$ cat data-v8.txt   # compact mmCIF, C-alpha atoms and all ligand atoms
# COMPACT_ATOMS: atom_id res chain seq x y z
CA MET M 166 -22.20 213.97 286.19
CA LEU M 167 -21.04 212.06 283.14
CA GLY M 168 -17.33 212.47 282.63
CA HIS M 169 -16.90 215.03 285.40
CA THR M 170 -13.55 214.29 287.04
CA PRO M 171 -12.76 216.55 289.99
CA VAL M 172 -9.79 218.81 289.24
CA LEU M 173 -6.75 219.25 291.50
CA ALA M 174 -8.27 216.66 293.83
CA GLU M 175 -5.03 215.82 295.67
CA GLU M 176 -4.13 219.48 296.10
CA VAL M 177 -7.61 220.28 297.47
CA ILE M 178 -7.17 217.59 300.12
CA GLN M 179 -3.63 218.70 300.91
CA PHE M 180 -4.80 222.27 301.66
CA LEU M 181 -8.15 221.50 303.31
CA ASP M 182 -6.54 218.73 305.38
CA PRO M 183 -9.80 216.97 306.35
CA ARG M 184 -9.55 214.79 309.49
CA PRO M 185 -12.00 212.47 311.26
CA GLY M 186 -14.83 214.46 312.83
CA GLY M 187 -14.11 217.60 310.75
CA ARG M 188 -16.83 219.98 309.51
CA PHE M 189 -16.53 221.26 305.96
CA ILE M 190 -18.52 223.25 303.41
CA ASP M 191 -18.37 222.47 299.69
CA VAL M 192 -20.14 225.41 298.05
CA THR M 193 -19.99 223.90 294.52
CA VAL M 194 -20.82 220.26 295.18
CA GLY M 195 -21.54 219.56 291.47
CA ALA M 196 -21.22 215.81 290.89
CA GLY M 197 -19.80 215.39 294.38
CA GLY M 198 -16.25 214.35 293.44
CA HIS M 199 -14.42 216.58 295.92
CA SER M 200 -17.16 216.12 298.53
CA ARG M 201 -16.74 212.35 298.41
CA ALA M 202 -13.04 212.64 299.27
CA ILE M 203 -13.82 215.02 302.15
CA LEU M 204 -16.51 212.69 303.50
CA GLU M 205 -14.20 209.67 303.34
CA LEU M 206 -11.45 211.48 305.23
CA THR M 207 -13.77 212.91 307.90
CA ALA M 208 -15.36 209.52 308.68
CA PRO M 209 -16.87 208.32 310.92
CA ASP M 210 -18.67 211.41 312.22
CA GLY M 211 -17.47 214.42 310.19
CA LYS M 212 -20.13 216.66 308.60
CA LEU M 213 -20.44 218.35 305.22
CA LEU M 214 -22.64 221.21 304.06
CA ALA M 215 -23.02 220.65 300.29
CA ILE M 216 -24.27 223.66 298.33
CA ASP M 217 -25.04 224.18 294.63
CA GLN M 218 -27.21 226.68 292.80
CA ASP M 219 -28.01 224.14 290.08
CA GLU M 220 -30.89 221.88 291.14
CA SER M 221 -29.93 219.12 288.71
CA ALA M 222 -26.33 219.06 290.01
CA LEU M 223 -27.64 218.83 293.55
CA LYS M 224 -29.91 215.94 292.59
CA GLN M 225 -26.95 214.12 291.09
CA ALA M 226 -24.79 214.83 294.17
CA ARG M 227 -27.52 213.48 296.44
CA GLU M 228 -27.48 210.21 294.50
CA ALA M 229 -23.69 210.00 294.28
CA LEU M 230 -23.25 210.67 298.01
CA ALA M 231 -26.26 208.64 299.21
CA SER M 232 -24.08 206.31 301.28
CA PHE M 233 -22.89 209.30 303.34
CA ALA M 234 -26.42 210.74 303.70
CA PRO M 235 -26.59 211.09 307.50
CA ARG M 236 -23.43 213.24 307.46
CA VAL M 237 -24.39 215.60 304.61
CA VAL M 238 -26.72 218.58 304.49
CA PHE M 239 -27.65 219.48 300.88
CA LEU M 240 -28.66 223.04 300.09
CA HIS M 241 -29.90 224.65 296.87
CA SER M 242 -28.49 228.14 297.11
CA ASN M 243 -26.06 230.67 295.72
CA PHE M 244 -22.74 230.59 297.57
CA ARG M 245 -22.31 234.35 297.82
CA HIS M 246 -23.78 234.52 301.35
CA VAL M 247 -22.02 231.38 302.58
CA ALA M 248 -21.48 232.70 306.14
CA GLU M 249 -25.24 233.23 306.61
CA LEU M 250 -26.01 229.81 305.11
CA ALA M 251 -23.43 228.23 307.42
CA GLY M 252 -24.98 229.97 310.43
CA ALA M 253 -28.50 228.82 309.53
CA GLU M 254 -27.36 225.20 308.98
CA ARG M 255 -25.17 225.01 312.12
CA PHE M 256 -21.94 225.08 310.15
CA SER M 257 -20.47 228.25 311.67
CA GLU M 258 -16.79 227.94 312.65
CA SER M 259 -16.20 225.20 310.08
CA ASP M 260 -12.78 223.65 309.45
CA GLY M 261 -12.76 224.56 305.77
CA VAL M 262 -14.64 225.81 302.74
CA LEU M 263 -14.10 224.62 299.16
CA ALA M 264 -15.21 226.38 295.98
CA ASP M 265 -14.57 224.81 292.56
CA ILE M 266 -15.99 227.62 290.47
CA GLY M 267 -17.48 227.45 287.04
CA ILE M 268 -19.62 225.09 285.10
CA SER M 269 -19.68 221.34 285.25
CA SER M 270 -19.27 219.00 282.28
CA MET M 271 -22.90 218.05 282.84
CA MET M 272 -24.07 221.61 282.17
CA VAL M 273 -21.83 222.06 279.12
CA GLU M 274 -22.91 218.76 277.59
CA ASP M 275 -26.66 219.32 278.09
CA PRO M 276 -27.91 221.14 274.94
CA SER M 277 -31.06 222.34 276.73
CA ARG M 278 -28.90 224.54 279.01
CA GLY M 279 -27.48 226.55 276.10
CA PHE M 280 -23.91 226.82 277.45
CA SER M 281 -22.12 225.34 274.46
CA PHE M 282 -21.57 226.57 270.92
CA MET M 283 -21.04 222.92 269.98
CA HIS M 284 -24.68 221.95 270.58
CA GLU M 285 -27.85 223.56 269.27
CA GLY M 286 -30.08 224.67 272.14
CA PRO M 287 -32.01 227.62 273.59
CA LEU M 288 -29.97 230.67 274.65
CA ASP M 289 -30.46 230.01 278.35
CA MET M 290 -27.08 229.81 280.21
CA ARG M 291 -28.61 230.06 283.70
CA MET M 292 -26.85 227.92 286.29
CA ASP M 293 -29.82 228.46 288.60
CA ARG M 294 -32.91 227.87 286.50
CA THR M 295 -35.12 229.59 289.07
CA GLN M 296 -33.49 232.94 288.17
CA PRO M 297 -35.44 234.96 285.58
CA LEU M 298 -32.62 236.42 283.42
CA THR M 299 -31.46 234.28 280.47
CA ALA M 300 -28.86 234.85 277.75
CA ALA M 301 -31.69 235.37 275.22
CA ASP M 302 -33.03 238.26 277.36
CA VAL M 303 -29.61 239.91 277.32
CA LEU M 304 -29.06 239.43 273.59
CA ASN M 305 -32.56 240.49 272.52
CA THR M 306 -33.19 243.45 274.84
CA ARG M 307 -29.87 245.12 275.72
CA SER M 308 -28.46 247.96 273.64
CA GLU M 309 -25.66 247.31 271.16
CA LYS M 310 -23.27 249.21 273.44
CA ASP M 311 -24.25 247.16 276.51
CA ILE M 312 -23.68 243.92 274.59
CA ALA M 313 -20.30 245.12 273.30
CA ASP M 314 -19.27 246.06 276.87
CA ILE M 315 -20.31 242.64 278.19
CA LEU M 316 -18.27 240.85 275.49
CA TYR M 317 -15.26 243.04 276.12
CA ASN M 318 -15.33 243.09 279.92
CA TYR M 319 -16.19 239.45 280.59
CA GLY M 320 -14.83 237.73 277.48
CA GLU M 321 -11.88 240.01 276.64
CA GLU M 322 -13.29 239.81 273.09
CA ARG M 323 -11.35 242.26 270.92
CA ARG M 324 -14.03 242.31 268.22
CA SER M 325 -16.77 243.09 270.73
CA ARG M 326 -18.24 246.02 268.77
CA PRO M 327 -18.71 244.42 265.34
CA ILE M 328 -19.98 241.23 267.01
CA ALA M 329 -22.49 243.24 269.06
CA ARG M 330 -23.63 244.98 265.86
CA SER M 331 -24.08 241.65 264.10
CA ILE M 332 -26.06 240.29 267.09
CA VAL M 333 -28.40 243.29 267.12
CA ARG M 334 -28.98 242.92 263.35
CA ALA M 335 -29.82 239.24 263.75
CA ARG M 336 -32.47 239.79 266.47
CA PRO M 337 -34.50 238.05 267.72
CA LEU M 338 -31.98 235.31 268.54
CA GLU M 339 -33.36 232.13 270.01
CA THR M 340 -30.75 229.39 269.67
CA THR M 341 -27.03 228.88 270.24
CA THR M 342 -26.65 228.16 266.51
CA GLU M 343 -28.16 231.54 265.60
CA LEU M 344 -25.72 233.23 267.96
CA VAL M 345 -22.76 231.33 266.49
CA ARG M 346 -23.88 232.43 263.00
CA ALA M 347 -24.07 236.08 264.08
CA ILE M 348 -20.53 235.85 265.52
CA GLU M 349 -19.13 234.07 262.46
CA ARG M 350 -20.53 236.75 260.18
CA VAL M 351 -17.81 238.93 261.74
CA THR M 352 -15.04 236.46 262.50
CA GLY M 353 -15.43 233.85 259.79
CA GLY M 354 -15.69 230.17 260.68
CA PRO M 355 -13.50 228.16 263.07
CA ARG M 356 -9.84 227.81 262.09
CA TYR M 357 -7.55 224.90 262.79
CA GLY M 358 -5.29 225.48 265.79
CA ARG M 359 -7.24 228.51 267.07
CA ILE M 360 -9.94 228.69 269.75
CA HIS M 361 -13.45 228.64 268.29
CA PRO M 362 -14.49 232.22 267.36
CA ALA M 363 -17.59 231.93 269.63
CA THR M 364 -15.60 230.95 272.75
CA ARG M 365 -15.19 234.44 274.21
CA THR M 366 -18.73 235.57 273.48
CA PHE M 367 -20.21 232.48 275.13
CA GLN M 368 -17.91 232.88 278.16
CA ALA M 369 -18.83 236.54 278.52
CA LEU M 370 -22.57 235.90 278.35
CA ARG M 371 -22.34 233.08 280.89
CA ILE M 372 -20.41 235.24 283.34
CA PHE M 373 -22.87 238.11 282.91
CA VAL M 374 -26.07 236.03 283.11
CA ASN M 375 -24.87 234.34 286.31
CA ASP M 376 -23.24 237.46 287.79
CA GLU M 377 -20.22 235.25 288.37
CA LEU M 378 -17.56 237.81 289.26
CA ARG M 379 -19.72 239.66 291.80
CA ASN M 380 -20.77 236.33 293.35
CA LEU M 381 -17.14 235.28 293.65
CA GLU M 382 -16.14 238.55 295.31
CA MET M 383 -18.95 238.30 297.83
CA PHE M 384 -18.22 234.61 298.42
CA VAL M 385 -14.54 235.09 299.27
CA ASP M 386 -15.33 237.78 301.85
CA SER M 387 -18.21 235.80 303.32
CA SER M 388 -16.33 232.47 303.45
CA MET M 389 -13.72 233.98 305.76
CA HIS M 390 -16.46 234.49 308.35
CA ALA M 391 -17.63 230.89 307.99
CA VAL M 392 -14.42 229.23 309.26
CA ARG M 393 -12.86 228.92 312.72
CA SER M 394 -9.41 230.22 313.58
CA GLY M 395 -7.04 227.91 311.64
CA GLY M 396 -9.87 227.05 309.21
CA ARG M 397 -9.05 227.10 305.50
CA ILE M 398 -10.57 228.40 302.28
CA VAL M 399 -9.64 226.69 299.00
CA VAL M 400 -10.78 228.19 295.69
CA ILE M 401 -10.31 226.76 292.19
CA THR M 402 -10.96 229.11 289.27
CA PHE M 403 -10.81 228.69 285.50
CA HIS M 404 -9.95 232.07 284.04
CA SER M 405 -7.81 235.06 284.82
CA LEU M 406 -10.63 237.45 285.76
CA GLU M 407 -11.68 235.10 288.56
CA ASP M 408 -8.17 234.24 289.69
CA ARG M 409 -7.37 237.94 290.03
CA ILE M 410 -10.31 238.42 292.40
CA VAL M 411 -9.27 235.50 294.62
CA LYS M 412 -5.64 236.61 294.69
CA GLN M 413 -6.54 240.18 295.70
CA LYS M 414 -9.16 239.17 298.28
CA PHE M 415 -6.75 236.71 299.94
CA ARG M 416 -4.04 239.39 300.09
CA ALA M 417 -6.37 241.97 301.67
CA PRO M 418 -8.73 239.71 303.64
CA ALA M 419 -11.99 240.68 305.35
CA VAL M 420 -10.66 239.05 308.56
CA PRO M 421 -7.02 238.41 309.54
CA GLY M 422 -5.40 235.40 307.92
CA ARG M 423 -2.55 234.24 305.70
CA VAL M 424 -2.16 233.02 302.15
CA LEU M 425 -1.04 229.38 302.03
CA THR M 426 -0.25 229.35 298.30
CA LYS M 427 2.63 231.74 297.73
CA LYS M 428 2.42 230.75 294.08
CA VAL M 429 -0.80 229.75 292.39
CA VAL M 430 -1.20 225.96 292.17
CA THR M 431 -1.89 224.39 288.75
CA ALA M 432 -2.38 220.84 287.50
CA SER M 433 0.54 218.40 287.27
CA GLU M 434 1.64 216.97 283.89
CA GLU M 435 0.07 213.70 284.87
CA GLU M 436 -3.32 215.33 285.60
CA LEU M 437 -3.17 217.36 282.39
CA GLN M 438 -2.83 214.11 280.43
CA ARG M 439 -5.68 212.49 282.30
CA ASN M 440 -8.15 215.40 282.49
CA PRO M 441 -7.97 218.17 279.86
CA ARG M 442 -10.43 220.30 281.89
CA SER M 443 -7.63 220.85 284.44
CA ARG M 444 -5.63 222.85 281.86
CA SER M 445 -6.81 226.26 283.02
CA ALA M 446 -7.51 225.41 286.67
CA LYS M 447 -5.85 227.62 289.30
CA LEU M 448 -5.98 226.89 293.02
CA ARG M 449 -5.37 229.31 295.88
CA ALA M 450 -5.68 228.60 299.61
CA TRP M 451 -5.98 230.83 302.70
CA GLU M 452 -6.02 230.21 306.47
CA ARG M 453 -7.83 232.26 309.10
CA SER M 454 -5.62 233.50 311.97
C1 LIG Q 1 -17.04 222.65 288.34
S1 LIG Q 1 -18.54 222.22 289.09
C2 LIG Q 1 -18.09 221.51 290.63
C3 LIG Q 1 -17.62 220.10 290.54
C4 LIG Q 1 -17.38 219.42 291.88
N1 LIG Q 1 -16.29 220.03 292.62
C5 LIG Q 1 -17.12 217.94 291.71
O1 LIG Q 1 -16.09 217.44 292.18
O2 LIG Q 1 -17.97 217.25 291.12
C6 LIG Q 1 -19.10 223.80 289.59
C7 LIG Q 1 -20.46 223.82 290.25
O3 LIG Q 1 -20.57 225.08 290.90
C8 LIG Q 1 -21.90 225.51 290.86
N2 LIG Q 1 -21.91 226.95 291.06
C9 LIG Q 1 -21.32 227.89 290.27
N3 LIG Q 1 -21.54 229.13 290.77
C10 LIG Q 1 -22.27 228.95 291.92
C11 LIG Q 1 -22.80 229.85 292.88
N4 LIG Q 1 -22.66 231.18 292.76
N5 LIG Q 1 -23.46 229.34 293.94
C12 LIG Q 1 -23.63 227.99 294.07
N6 LIG Q 1 -23.17 227.09 293.16
C13 LIG Q 1 -22.49 227.56 292.10
C14 LIG Q 1 -22.37 225.06 289.50
O4 LIG Q 1 -23.78 224.94 289.47
C15 LIG Q 1 -21.64 223.72 289.31
O5 LIG Q 1 -22.46 222.64 289.66

$ encode --input "data-v8.txt" --output "structure tokens" --more "lines below"
Ligand SMILES: C[S@@+](CC[C@H](N)C(=O)[O-])C[C@H]1O[C@@H](n2cnc3c(N)ncnc32)[C@H](O)[C@@H]1O
Amino acid sequence: MLGHTPVLAEEVIQFLDPRPGGRFIDVTVGAGGHSRAILELTAPDGKLLAIDQDESALKQAREALASFAPRVVFLHSNFRHVAELAGAERFSESDGVLADIGISSMMVEDPSRGFSFMHEGPLDMRMDRTQPLTAADVLNTRSEKDIADILYNYGEERRSRPIARSIVRARPLETTTELVRAIERVTGGPRYGRIHPATRTFQALRIFVNDELRNLEMFVDSSMHAVRSGGRIVVITFHSLEDRIVKQKFRAPAVPGRVLTKKVVTASEEELQRNPRSRSAKLRAWERS
């Protein structure tokens, strides 16, 4: 994954505490950055179940982690039913589960995926390209009210209604550039020192197309069943809607356990300088009783 540096890497290791012979699950293997560290620390015979719903990420992880191949099981799947996946792959009662939620630099930088308002591409936005629903389907077939609700609920976009109206008027929309134009008809163009006016709309569509919040809720509950007593769950999120879910689920867990992060963990000054993507990263950790 070009330019994808794993975020909060030291903190992930501190909380997961991988030791030789340990068994771990990385449900968002991506480019394999965090997985590599886990595999190194669990040598010589530790095992890793590496999951991703994006086939191209999984392909890249397979290549990046080739030298660890006998100790890794790769799986193309959604993480929401992680306990069932763990059971089927003989990873029940694991020592820890890691989720580094969100999209990878590889996805954002690939124009054909349609995630970025910076590149012209089709309005796709599917992390799992075997799923039927795309962003174009949502924008071209949903009612104006539905679109406004999506922008408001998942993007906290204050101008959701006029933007939804502009989108419906511009139908059919096929490319990211056409969507940016429809948004800018309401907001005006980008302004120095402000976030790009399309940021919230793109975020909202991505979350909706990939059902990200529901998947995260189901994942946190399920992950607690995938670890042994003393096993740990570490989750990194990138915006407040997700962090709220993790915080609440850890406080009222599906099985007994305790929160290890009294305060949410964020990137150090040094990491912020090195990796701008870490700016909005929030880490929370939990341990099963
Ligand atoms: C930020 S990247 C992970 C980067 C990785 N930790 C590394 O060090 O390279 C997030 C990954 O999570 C995957 N992902 C997001 N939601 C998922 C889900 N519901 N099920 C499985 N994978 C998911 C994405 O496809 C993406 O590859």

$ closest_atom_pairs --input "data-v8.txt" --of "chain M" --to "ligand LIG 1 (chain Q)" --cutoff "8 Å" --atoms "only C-alpha atoms and all ligand atoms" --output "Markdown table"
| residue | atom | partner | partner_atom | distance |
| --- | --- | --- | --- | --- |
| M:Met166 | CA | Q:LIG1 | O2 | 7.3 |
| M:His169 | CA | Q:LIG1 | O2 | 6.2 |
| M:Thr170 | CA | Q:LIG1 | O1 | 6.5 |
| M:Pro171 | CA | Q:LIG1 | O1 | 4.1 |
| M:Val172 | CA | Q:LIG1 | O1 | 7.1 |
| M:Asp191 | CA | Q:LIG1 | N1 | 7.8 |
| M:Val192 | CA | Q:LIG1 | C12 | 5.9 |
| M:Thr193 | CA | Q:LIG1 | O3 | 3.9 |
| M:Val194 | CA | Q:LIG1 | C4 | 4.8 |
| M:Gly195 | CA | Q:LIG1 | O5 | 3.7 |
| M:Ala196 | CA | Q:LIG1 | O2 | 3.6 |
| M:Gly197 | CA | Q:LIG1 | O2 | 4.2 |
| M:Gly198 | CA | Q:LIG1 | O1 | 3.3 |
| M:His199 | CA | Q:LIG1 | O1 | 4.2 |
| M:Ser200 | CA | Q:LIG1 | O1 | 6.6 |
| M:Ile216 | CA | Q:LIG1 | C12 | 6.1 |
| M:Asp217 | CA | Q:LIG1 | N6 | 3.8 |
| M:Gln218 | CA | Q:LIG1 | C12 | 4.0 |
| M:Asp219 | CA | Q:LIG1 | O4 | 4.3 |
| M:Glu220 | CA | Q:LIG1 | O4 | 7.9 |
| M:Ala222 | CA | Q:LIG1 | O5 | 5.3 |
| M:Leu223 | CA | Q:LIG1 | O5 | 7.5 |
| M:Ala226 | CA | Q:LIG1 | O2 | 7.9 |
| M:His241 | CA | Q:LIG1 | C12 | 7.6 |
| M:Ser242 | CA | Q:LIG1 | C12 | 5.7 |
| M:Asn243 | CA | Q:LIG1 | N5 | 3.4 |
| M:Phe244 | CA | Q:LIG1 | N5 | 3.9 |
| M:Arg245 | CA | Q:LIG1 | N4 | 6.0 |
| M:Ala264 | CA | Q:LIG1 | N1 | 7.3 |
| M:Asp265 | CA | Q:LIG1 | N1 | 5.1 |
| M:Ile266 | CA | Q:LIG1 | C6 | 5.0 |
| M:Gly267 | CA | Q:LIG1 | C6 | 4.7 |
| M:Ile268 | CA | Q:LIG1 | C6 | 4.7 |
| M:Ser269 | CA | Q:LIG1 | S1 | 4.1 |
| M:Ser270 | CA | Q:LIG1 | C1 | 7.4 |
| M:Met272 | CA | Q:LIG1 | O5 | 7.7 |
| M:Met292 | CA | Q:LIG1 | O4 | 5.3 |
| M:Asp293 | CA | Q:LIG1 | O4 | 7.0 |
| M:Asn375 | CA | Q:LIG1 | N4 | 7.5 |
| M:Glu377 | CA | Q:LIG1 | N4 | 6.5 |
| M:Asn380 | CA | Q:LIG1 | N4 | 5.5 |
| M:Leu381 | CA | Q:LIG1 | N4 | 6.9 |
| M:Phe384 | CA | Q:LIG1 | N4 | 8.0 |

$ closest_atom_pairs --input "data-v8.txt" --of "range 223-329 of chain M" --to "range 345-360 of chain M" --cutoff "7 Å" --atoms "all atoms listed in the file" --output "Markdown table"
| residue | atom | partner | partner_atom | distance |
| --- | --- | --- | --- | --- |
| M:Phe282 | CA | M:Val345 | CA | 6.6 |
| M:Pro327 | CA | M:Val351 | CA | 6.6 |
| M:Ile328 | CA | M:Ile348 | CA | 5.6 |

$ residues_around --input "data-v8.txt" --residues "Leu204 in chain M" --least-positions-apart "3" --cutoff "10 Å" --atoms "all atoms listed in the file" --output "number ranges by chain"
M: 183-189, 199-201, 207-213, 230, 233, 236-237

$ residues_around --input "data-v8.txt" --residues "Arg330 in chain M" --least-positions-apart "3" --cutoff "10 Å" --atoms "all atoms listed in the file" --output "ChimeraX atom specification"
/M:308-310,312-313,325-327,333-335,347-348,351

$ closest_residue --input "data-v8.txt" --among "M:Val374, M:Ser454, M:Pro337, M:Thr426" --to "Gln296 in chain M" --atoms "all atoms listed in the file"
M:Val374

$ atom_distance --input "data-v8.txt" --atom1 "CA of Thr295 in chain M" --atom2 "CA of Thr402 in chain M"
24.2 Å

$ closest_residue --input "data-v8.txt" --among "M:Ile410, M:Val177, M:Leu304, M:Leu425" --to "Leu338 in chain M" --atoms "only C-alpha atoms"
M:Leu304

$ atom_distance --input "data-v8.txt" --atom1 "CA of Pro287 in chain M" --atom2 "CA of Leu406 in chain M"
26.5 Å

$ atom_distance --input "data-v8.txt" --atom1 "CA of Val430 in chain M" --atom2 "CA of Leu173 in chain M"
8.7 Å

$ decode --input "data-v8.txt" --residues "range 232-245 of chain M" --atoms "N, CA and C atoms" --output "PDB file, in the first residue's frame"
ATOM      1  N   SER M 232       6.831 -13.681   3.806  1.00  0.00           N
ATOM      2  CA  SER M 232       7.857 -14.406   4.569  1.00  0.00           C
ATOM      3  C   SER M 232       7.290 -15.052   5.831  1.00  0.00           C
ATOM      4  N   PHE M 233       6.078 -14.630   6.235  1.00  0.00           N
ATOM      5  CA  PHE M 233       5.453 -15.227   7.430  1.00  0.00           C
ATOM      6  C   PHE M 233       4.385 -16.259   7.038  1.00  0.00           C
ATOM      7  N   ALA M 234       4.279 -16.537   5.729  1.00  0.00           N
ATOM      8  CA  ALA M 234       3.126 -17.273   5.182  1.00  0.00           C
ATOM      9  C   ALA M 234       2.648 -18.475   6.008  1.00  0.00           C
ATOM     10  N   PRO M 235       3.519 -19.345   6.476  1.00  0.00           N
ATOM     11  CA  PRO M 235       2.997 -20.528   7.180  1.00  0.00           C
ATOM     12  C   PRO M 235       2.245 -20.183   8.473  1.00  0.00           C
ATOM     13  N   ARG M 236       2.441 -18.984   8.972  1.00  0.00           N
ATOM     14  CA  ARG M 236       1.799 -18.611  10.253  1.00  0.00           C
ATOM     15  C   ARG M 236       0.578 -17.715  10.075  1.00  0.00           C
ATOM     16  N   VAL M 237       0.209 -17.417   8.818  1.00  0.00           N
ATOM     17  CA  VAL M 237      -0.918 -16.499   8.582  1.00  0.00           C
ATOM     18  C   VAL M 237      -2.029 -17.172   7.787  1.00  0.00           C
ATOM     19  N   VAL M 238      -3.262 -16.946   8.229  1.00  0.00           N
ATOM     20  CA  VAL M 238      -4.430 -17.367   7.443  1.00  0.00           C
ATOM     21  C   VAL M 238      -5.077 -16.091   6.920  1.00  0.00           C
ATOM     22  N   PHE M 239      -5.163 -15.938   5.589  1.00  0.00           N
ATOM     23  CA  PHE M 239      -5.791 -14.744   4.998  1.00  0.00           C
ATOM     24  C   PHE M 239      -7.241 -15.046   4.670  1.00  0.00           C
ATOM     25  N   LEU M 240      -8.105 -14.063   4.931  1.00  0.00           N
ATOM     26  CA  LEU M 240      -9.533 -14.297   4.711  1.00  0.00           C
ATOM     27  C   LEU M 240     -10.204 -13.047   4.148  1.00  0.00           C
ATOM     28  N   HIS M 241     -10.873 -13.213   2.994  1.00  0.00           N
ATOM     29  CA  HIS M 241     -11.628 -12.096   2.418  1.00  0.00           C
ATOM     30  C   HIS M 241     -13.027 -12.120   3.023  1.00  0.00           C
ATOM     31  N   SER M 242     -13.272 -11.205   3.942  1.00  0.00           N
ATOM     32  CA  SER M 242     -14.582 -11.219   4.602  1.00  0.00           C
ATOM     33  C   SER M 242     -14.834  -9.889   5.302  1.00  0.00           C
ATOM     34  N   ASN M 243     -16.079  -9.662   5.633  1.00  0.00           N
ATOM     35  CA  ASN M 243     -16.442  -8.525   6.469  1.00  0.00           C
ATOM     36  C   ASN M 243     -16.174  -8.914   7.929  1.00  0.00           C
ATOM     37  N   PHE M 244     -15.703  -7.959   8.717  1.00  0.00           N
ATOM     38  CA  PHE M 244     -15.332  -8.305  10.102  1.00  0.00           C
ATOM     39  C   PHE M 244     -16.503  -8.373  11.077  1.00  0.00           C
ATOM     40  N   ARG M 245     -17.716  -8.083  10.589  1.00  0.00           N
ATOM     41  CA  ARG M 245     -18.801  -7.935  11.577  1.00  0.00           C
ATOM     42  C   ARG M 245     -19.139  -9.231  12.315  1.00  0.00           C
TER      43      ARG M 245
END
